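Here's the structure we're looking at; comments come further down.
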Amino acid sequence: MDSLPYLQYFDRHLIYPVLDFLQESGSYDAKVILQAKLDLLSETNMPGHCAELYKQIEGETASTAQFDARQQQVDEQLAKLEQDCRAVLDVLENPEVKNSLRQDKTQNLAFLRDNHGVTVDQIEALFRLGQFDYQRGNYAGAIDHLYHFRVLSTDSRLLAQATWGKLAAEILSQNWETALSELTKLREVVDADSSDARLQLQNRAWLLHWSLFLFFNNAAEGANSLQELLDLFLAPAYLNAIQTCAPHLLRYLTVAVISAAVERTGHYQRRIRDLVRIIEAQRDYSDCFTKFASVVFSSHDYSLAPKLFAEMKAEVAQDYFLHNAAEQTLRNAQLLTLASYLGLHQTASFATLLELAGIESNTAQSSVEDDAESTPITPLGALLEKIEHLDLDIDEDEVQVEVLRRKTSAADQRADVVAKTRMLIERSQYLHTVHQQQQARAAAKAMRAQ
């Protein structure tokens, strides 16, 4: 599984659904995946599940005594943690207490201490119980206990850990809307802590990888999530993390650009130019997706497009994150290829366009399946109709396409101005952040010198 570099940025629980996908897709031998699952969960508090995996590998008659003994230990630890948290949970479930809590955590702690005898140790026990719940696969329990811990605690270190844990639990529970809220909170935590530049860079790389679960799962449902992915990945600090630590994420950045929209607005065109610049600067990484983007948006060597499209079609089906958005990605890749080619040519034969789009059969189909009187339309014809910025003349026999003129709307011009303004604002914010960091380092150096 060396071909999956993103796995090193996930914890054991987040890796598990990836292994499930690989098992179902048949990409690896079933026993190899089962053993990988067993090795993965051996360091968690899930001995019962480990026993099931062990039997699948060794046979139903295999002894699971070692896992049974470990399960007893887990049950005893859980009982103790629940006992440690019982008092504080009882207090928090009291409606009168809930109504008495305010925004000020320090004030809340004093109120709970003076009126209900709640201590800091009891509050931290909630963190330990939430952590333990997560390790044993009780993600709902982890979400609940980590939430209550964050409401009360003022320990910044544990609060950051609790936010990472709650985000992971929300992802594994497929609570995408809540998970997105947690991702936003976590980004604020990571961006605010610049005390260790290297650690901050690593945390940004981890956050980018975890965000893949959210953005690509929502992409299949037509959500605006891929636009949100682009906003995150192209933010200067996070782009730096990609280029420095995780160039393999360029695959997902490229797919997001391809899949997010096929518009001729200035904003989208700028994103394409940014992508090409980033890909060409990253000499140590390339794949069929980044090569495709270079061909369509930069070199315009269209002879490579059919081969790259075929490779992309195979890759999206076997990628855990991309398979949900496979149809949208491939359709937009076809559309972008045709739009790019026609934008540089006055005429084009249907045979050439079919080859570029990777369309094997151009048999006409009804544009509305349940309407027998609708006008039949071919797959290539349907794609050409979506190229709104070009005025195309398609002959009746669908042998040749002629580009009559290129359309430019006032809306496109306004969008371009907005995009440029936004870029200048983002650049100014980035330079301001860099300046502040330089000042902080200089001040720290001067203090050490004294």
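Residue numbering restarts at 1 in every chain; chains get A, B, ... in the order shown in the structure tokens, and ligands count up from 1 in that same order.
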
Among the residues of stretch 6-209 of chain A, find those DSSP assigns to alpha helix (DSSP H) from the backbone and print them as a count of residues only. 161

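Counting only C-alpha atoms, A:Gln23 has the following residues at most 12 Å away, ignoring those fewer than 4 positions along the same chain: Tyr16, Pro17, Val18, Leu19, Ser27, Tyr28, Asp29, Ala30, Lys31, Val32, Ile33, Leu34, Gln35, Ala36, Lys37, Gln318 and Tyr320 of chain A.
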
Between stretch 270-380 of chain A and stretch 384-407 of chain A, at 12 Å or less, what are the per-residue closest atom pairs and their distances in Å? Count only C-alpha atoms, order by chain and rising residue number, and return it as a Markdown table.
| residue | atom | partner | partner_atom | distance |
| --- | --- | --- | --- | --- |
| A:Arg331 | CA | A:Lys386 | CA | 10.9 |
| A:Asn332 | CA | A:Lys386 | CA | 10.1 |
| A:Gln334 | CA | A:Leu384 | CA | 10.0 |
| A:Leu335 | CA | A:Ile387 | CA | 7.4 |
| A:Leu336 | CA | A:Ile387 | CA | 8.7 |
| A:Thr337 | CA | A:Ile387 | CA | 10.7 |
| A:Leu338 | CA | A:Leu384 | CA | 7.7 |
| A:Ala339 | CA | A:Ile387 | CA | 6.3 |
| A:Ser340 | CA | A:Ile387 | CA | 10.0 |
| A:Tyr341 | CA | A:Val403 | CA | 10.7 |
| A:Leu342 | CA | A:Val403 | CA | 7.0 |
| A:Gly343 | CA | A:Leu390 | CA | 7.6 |
| A:Leu344 | CA | A:Val403 | CA | 9.4 |
| A:His345 | CA | A:Val403 | CA | 7.5 |
| A:Gln346 | CA | A:Val403 | CA | 5.2 |
| A:Thr347 | CA | A:Glu402 | CA | 4.4 |
| A:Ala348 | CA | A:Val401 | CA | 5.3 |
| A:Ser349 | CA | A:Gln400 | CA | 4.3 |
| A:Phe350 | CA | A:Val399 | CA | 5.2 |
| A:Ala351 | CA | A:Val399 | CA | 7.5 |
| A:Thr352 | CA | A:Gln400 | CA | 9.3 |
| A:Leu353 | CA | A:Val401 | CA | 9.1 |
| A:Leu354 | CA | A:Val399 | CA | 10.8 |
| A:Ala357 | CA | A:Leu384 | CA | 10.8 |
| A:Asn362 | CA | A:Glu398 | CA | 10.2 |
| A:Thr363 | CA | A:Glu398 | CA | 11.5 |
| A:Ala364 | CA | A:Glu398 | CA | 11.0 |
| A:Ser367 | CA | A:Glu385 | CA | 11.8 |
| A:Ile377 | CA | A:Glu385 | CA | 10.0 |
| A:Thr378 | CA | A:Glu398 | CA | 9.5 |
| A:Pro379 | CA | A:Leu384 | CA | 8.8 |
| A:Leu380 | CA | A:Leu384 | CA | 6.2 |

Could you turn the residues from that selection into a file that holds C-alpha atoms, as a compact mmCIF listing (two decimals), in the first residue's frame?
# COMPACT_ATOMS: atom_id res chain seq x y z
CA ARG A 331 -17.67 14.48 -17.56
CA ASN A 332 -16.04 17.80 -16.74
CA GLN A 334 -14.29 15.75 -21.33
CA LEU A 335 -15.95 19.16 -21.44
CA LEU A 336 -12.76 21.02 -20.56
CA THR A 337 -10.81 19.11 -23.21
CA LEU A 338 -13.33 19.95 -25.93
CA ALA A 339 -13.63 23.59 -24.84
CA SER A 340 -9.86 24.01 -24.81
CA TYR A 341 -9.40 22.39 -28.22
CA LEU A 342 -12.22 24.33 -29.89
CA GLY A 343 -10.97 27.53 -28.33
CA LEU A 344 -7.77 27.16 -30.36
CA HIS A 345 -9.23 25.83 -33.61
CA GLN A 346 -11.64 27.28 -36.16
CA THR A 347 -13.00 23.88 -37.18
CA ALA A 348 -12.85 20.34 -35.88
CA SER A 349 -14.11 17.00 -37.12
CA PHE A 350 -16.43 14.91 -35.00
CA ALA A 351 -13.97 12.02 -35.25
CA THR A 352 -11.26 14.16 -33.64
CA LEU A 353 -13.55 15.41 -30.88
CA LEU A 354 -14.80 11.89 -30.11
CA ALA A 357 -13.27 13.09 -25.23
CA ASN A 362 -21.80 8.35 -30.20
CA THR A 363 -25.20 6.71 -30.57
CA ALA A 364 -28.04 9.21 -30.27
CA SER A 367 -32.40 13.99 -24.12
CA ILE A 377 -29.01 13.88 -28.78
CA THR A 378 -25.62 12.17 -28.96
CA PRO A 379 -23.12 12.08 -26.05
CA LEU A 380 -20.78 14.39 -27.95

Could you list, with a cut-off of 12 Å and counting only C-alpha atoms, the residues of stretch 309-330 of chain A near stretch 240-255 of chain A, each shown with its nearest atom pair and the distance in Å rounded to one decimal, rows sorted by chain and ascending number, as a Markdown table?
| residue | atom | partner | partner_atom | distance |
| --- | --- | --- | --- | --- |
| A:Met312 | CA | A:Val255 | CA | 10.0 |
| A:Glu315 | CA | A:Arg251 | CA | 10.7 |
| A:Val316 | CA | A:Val255 | CA | 9.6 |
| A:Asp319 | CA | A:Tyr252 | CA | 10.4 |
| A:Tyr320 | CA | A:Tyr252 | CA | 11.4 |
| A:Phe321 | CA | A:Tyr252 | CA | 8.6 |
| A:Leu322 | CA | A:Tyr252 | CA | 8.1 |
| A:His323 | CA | A:Val255 | CA | 11.4 |
| A:Ala325 | CA | A:Val255 | CA | 9.2 |
| A:Ala326 | CA | A:Val255 | CA | 9.7 |
| A:Glu327 | CA | A:Val255 | CA | 11.8 |
| A:Gln328 | CA | A:Val255 | CA | 9.9 |
| A:Thr329 | CA | A:Val255 | CA | 6.7 |
| A:Leu330 | CA | A:Val255 | CA | 9.4 |

When you look at A:Phe297 with a cut-off of 10 Å (counting only C-alpha atoms), what residues show up, excluding the ones that are within fewer than 3 positions of it in the same chain? I need them as an mmCIF file with C-alpha atoms, in the first residue's frame.
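Generated output (out-v1.cif):
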data_model
loop_
_atom_site.group_PDB
_atom_site.id
_atom_site.type_symbol
_atom_site.label_atom_id
_atom_site.label_comp_id
_atom_site.auth_asym_id
_atom_site.auth_seq_id
_atom_site.Cartn_x
_atom_site.Cartn_y
_atom_site.Cartn_z
ATOM 1 C CA GLN A 269 -9.964 30.989 -15.176
ATOM 2 C CA ILE A 272 -6.915 27.253 -13.673
ATOM 3 C CA ARG A 273 -3.875 29.486 -14.133
ATOM 4 C CA LEU A 275 -3.243 25.284 -10.810
ATOM 5 C CA VAL A 276 -0.988 25.186 -13.870
ATOM 6 C CA LYS A 291 -0.523 15.739 -16.566
ATOM 7 C CA PHE A 292 -4.028 16.094 -17.967
ATOM 8 C CA ALA A 293 -4.320 19.589 -16.507
ATOM 9 C CA SER A 294 -0.967 20.577 -18.037
ATOM 10 C CA HIS A 300 -2.172 21.950 -25.502
ATOM 11 C CA ASP A 301 -0.552 18.736 -26.731
ATOM 12 C CA LEU A 336 -12.758 21.021 -20.564
ATOM 13 C CA THR A 337 -10.806 19.115 -23.210
ATOM 14 C CA SER A 340 -9.855 24.011 -24.812
ATOM 15 C CA TYR A 341 -9.403 22.391 -28.220
#

Could you tell me which of A:Phe216, A:Tyr139, A:Leu38, A:Leu232 comes closest to A:Gln56 if we count only C-alpha atoms? A:Leu38

Can you list, as a list of chain:residue names, every protein, DNA or RNA residue that comes within 7 Å of stretch 4-14 of chain A when you count only C-alpha atoms, leaving out same-chain residues fewer than 3 positions away? A:Met1, A:Pro17, A:Leu40, A:Leu41, A:Trp206, A:His209

Put those residues in a file: all heavy atoms, as an mmCIF file, in the first residue's frame.
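selection-v8.cif written:
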data_model
loop_
_atom_site.group_PDB
_atom_site.id
_atom_site.type_symbol
_atom_site.label_atom_id
_atom_site.label_comp_id
_atom_site.auth_asym_id
_atom_site.auth_seq_id
_atom_site.Cartn_x
_atom_site.Cartn_y
_atom_site.Cartn_z
ATOM 1 N N MET A 1 0.814 -1.204 0.000
ATOM 2 C CA MET A 1 0.000 0.000 0.000
ATOM 3 C C MET A 1 0.857 1.267 0.000
ATOM 4 O O MET A 1 0.431 2.316 0.437
ATOM 5 C CB MET A 1 -0.933 -0.010 1.198
ATOM 6 C CG MET A 1 -1.899 -1.180 1.190
ATOM 7 S SD MET A 1 -2.938 -1.250 2.654
ATOM 8 C CE MET A 1 -3.620 -2.899 2.459
ATOM 9 N N PRO A 17 -11.828 2.768 7.041
ATOM 10 C CA PRO A 17 -12.748 2.815 5.898
ATOM 11 C C PRO A 17 -12.032 2.742 4.549
ATOM 12 O O PRO A 17 -12.606 2.254 3.567
ATOM 13 C CB PRO A 17 -13.486 4.150 6.069
ATOM 14 C CG PRO A 17 -12.674 4.944 7.031
ATOM 15 C CD PRO A 17 -11.979 3.958 7.906
ATOM 16 N N LEU A 40 -3.881 -3.053 12.197
ATOM 17 C CA LEU A 40 -4.292 -1.671 12.434
ATOM 18 C C LEU A 40 -5.002 -1.526 13.773
ATOM 19 O O LEU A 40 -4.731 -0.600 14.549
ATOM 20 C CB LEU A 40 -5.225 -1.229 11.309
ATOM 21 C CG LEU A 40 -5.628 0.235 11.236
ATOM 22 C CD1 LEU A 40 -4.450 1.084 10.780
ATOM 23 C CD2 LEU A 40 -6.795 0.413 10.272
ATOM 24 N N LEU A 41 -5.921 -2.449 14.072
ATOM 25 C CA LEU A 41 -6.756 -2.340 15.275
ATOM 26 C C LEU A 41 -6.122 -2.957 16.509
ATOM 27 O O LEU A 41 -6.669 -2.840 17.605
ATOM 28 C CB LEU A 41 -8.114 -2.992 15.021
ATOM 29 C CG LEU A 41 -8.967 -2.360 13.914
ATOM 30 C CD1 LEU A 41 -10.332 -3.038 13.852
ATOM 31 C CD2 LEU A 41 -9.143 -0.865 14.120
ATOM 32 N N TRP A 206 -1.828 17.633 8.090
ATOM 33 C CA TRP A 206 -2.805 16.683 8.620
ATOM 34 C C TRP A 206 -4.231 17.175 8.368
ATOM 35 O O TRP A 206 -5.110 16.403 7.955
ATOM 36 C CB TRP A 206 -2.567 16.472 10.119
ATOM 37 C CG TRP A 206 -1.484 15.479 10.410
ATOM 38 C CD1 TRP A 206 -0.147 15.664 10.256
ATOM 39 C CD2 TRP A 206 -1.648 14.135 10.895
ATOM 40 N NE1 TRP A 206 0.544 14.530 10.627
ATOM 41 C CE2 TRP A 206 -0.352 13.574 11.025
ATOM 42 C CE3 TRP A 206 -2.749 13.365 11.244
ATOM 43 C CZ2 TRP A 206 -0.136 12.278 11.471
ATOM 44 C CZ3 TRP A 206 -2.534 12.068 11.702
ATOM 45 C CH2 TRP A 206 -1.257 11.535 11.799
ATOM 46 N N HIS A 209 -5.361 16.637 4.806
ATOM 47 C CA HIS A 209 -5.693 15.243 4.511
ATOM 48 C C HIS A 209 -7.043 14.848 5.103
ATOM 49 O O HIS A 209 -7.847 14.188 4.432
ATOM 50 C CB HIS A 209 -4.596 14.324 5.045
ATOM 51 C CG HIS A 209 -3.350 14.305 4.211
ATOM 52 N ND1 HIS A 209 -2.371 15.261 4.314
ATOM 53 C CD2 HIS A 209 -2.947 13.462 3.226
ATOM 54 C CE1 HIS A 209 -1.402 15.000 3.450
ATOM 55 N NE2 HIS A 209 -1.722 13.909 2.780
#

Contact residues around A:Thr106 with only C-alpha atoms at 12 Å, ignoring same-chain residues under 5 positions, as a ChimeraX atom specification: /A:101,111-113,120,151-155

Atoms kept (N, CA, C and O atoms) for selection, written as a PDB file, in the first residue's frame:
ATOM      1  N   LEU A 101     -25.106  28.299  33.091  1.00  0.00           N
ATOM      2  CA  LEU A 101     -23.789  28.423  32.456  1.00  0.00           C
ATOM      3  C   LEU A 101     -23.766  29.608  31.503  1.00  0.00           C
ATOM      4  O   LEU A 101     -24.743  29.924  30.841  1.00  0.00           O
ATOM      5  N   PHE A 111     -18.463  28.626  39.249  1.00  0.00           N
ATOM      6  CA  PHE A 111     -19.847  28.302  39.620  1.00  0.00           C
ATOM      7  C   PHE A 111     -19.991  26.809  39.918  1.00  0.00           C
ATOM      8  O   PHE A 111     -20.597  26.424  40.938  1.00  0.00           O
ATOM      9  N   LEU A 112     -19.451  25.969  39.055  1.00  0.00           N
ATOM     10  CA  LEU A 112     -19.570  24.514  39.248  1.00  0.00           C
ATOM     11  C   LEU A 112     -18.785  24.046  40.464  1.00  0.00           C
ATOM     12  O   LEU A 112     -19.215  23.140  41.187  1.00  0.00           O
ATOM     13  N   ARG A 113     -17.632  24.684  40.703  1.00  0.00           N
ATOM     14  CA  ARG A 113     -16.827  24.304  41.865  1.00  0.00           C
ATOM     15  C   ARG A 113     -17.521  24.703  43.161  1.00  0.00           C
ATOM     16  O   ARG A 113     -17.606  23.895  44.107  1.00  0.00           O
ATOM     17  N   VAL A 120     -11.386  20.400  38.418  1.00  0.00           N
ATOM     18  CA  VAL A 120     -10.708  20.357  37.115  1.00  0.00           C
ATOM     19  C   VAL A 120     -10.390  18.917  36.736  1.00  0.00           C
ATOM     20  O   VAL A 120     -10.495  18.532  35.564  1.00  0.00           O
ATOM     21  N   VAL A 151     -16.790  22.436  26.441  1.00  0.00           N
ATOM     22  CA  VAL A 151     -17.655  23.483  26.992  1.00  0.00           C
ATOM     23  C   VAL A 151     -17.059  24.048  28.278  1.00  0.00           C
ATOM     24  O   VAL A 151     -17.181  25.254  28.553  1.00  0.00           O
ATOM     25  N   LEU A 152     -16.356  23.198  29.035  1.00  0.00           N
ATOM     26  CA  LEU A 152     -15.907  23.602  30.363  1.00  0.00           C
ATOM     27  C   LEU A 152     -14.406  23.884  30.471  1.00  0.00           C
ATOM     28  O   LEU A 152     -13.987  24.725  31.262  1.00  0.00           O
ATOM     29  N   SER A 153     -13.592  23.180  29.715  1.00  0.00           N
ATOM     30  CA  SER A 153     -12.141  23.246  29.923  1.00  0.00           C
ATOM     31  C   SER A 153     -11.533  24.552  29.417  1.00  0.00           C
ATOM     32  O   SER A 153     -11.998  25.145  28.437  1.00  0.00           O
ATOM     33  N   THR A 154     -10.451  24.953  30.081  1.00  0.00           N
ATOM     34  CA  THR A 154      -9.673  26.116  29.649  1.00  0.00           C
ATOM     35  C   THR A 154      -8.250  25.709  29.273  1.00  0.00           C
ATOM     36  O   THR A 154      -7.411  26.568  29.016  1.00  0.00           O
ATOM     37  N   ASP A 155      -7.980  24.404  29.248  1.00  0.00           N
ATOM     38  CA  ASP A 155      -6.646  23.887  28.916  1.00  0.00           C
ATOM     39  C   ASP A 155      -6.487  23.884  27.393  1.00  0.00           C
ATOM     40  O   ASP A 155      -7.065  23.041  26.703  1.00  0.00           O
TER      41      ASP A 155
END

In Å, how far is it from atom CA of A:Met46 to atom CA of A:Leu22? 21.1 Å

Just the number, please: distance in Å from atom CA of A:Leu383 to atom CA of A:Ser225, one decimal.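 Calculated distance between atom CA of A:Leu383 and atom CA of A:Ser225 is 23.7 Å.
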
Could you check which of A:Thr119, A:Asn203, A:Asn175, A:Gln73 is closest to A:Val88, using only C-alpha atoms? A:Thr119

Quick one: of A:Leu78, A:Ala168, A:Ala69, A:Leu230, who's nearest to A:Arg128, counting only C-alpha atoms? A:Leu78

Separation of atom CA of A:Phe215 from atom CA of A:Ser3 in Å: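 Those two atoms sit 21.6 Å apart.
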
Considering only C-alpha atoms, state which residue in the set A:Leu129, A:Leu146, A:Ile57, A:Ala62 is at the smallest distance from A:Leu81.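 The shortest atom-to-atom distance to A:Leu81 comes from A:Leu129.
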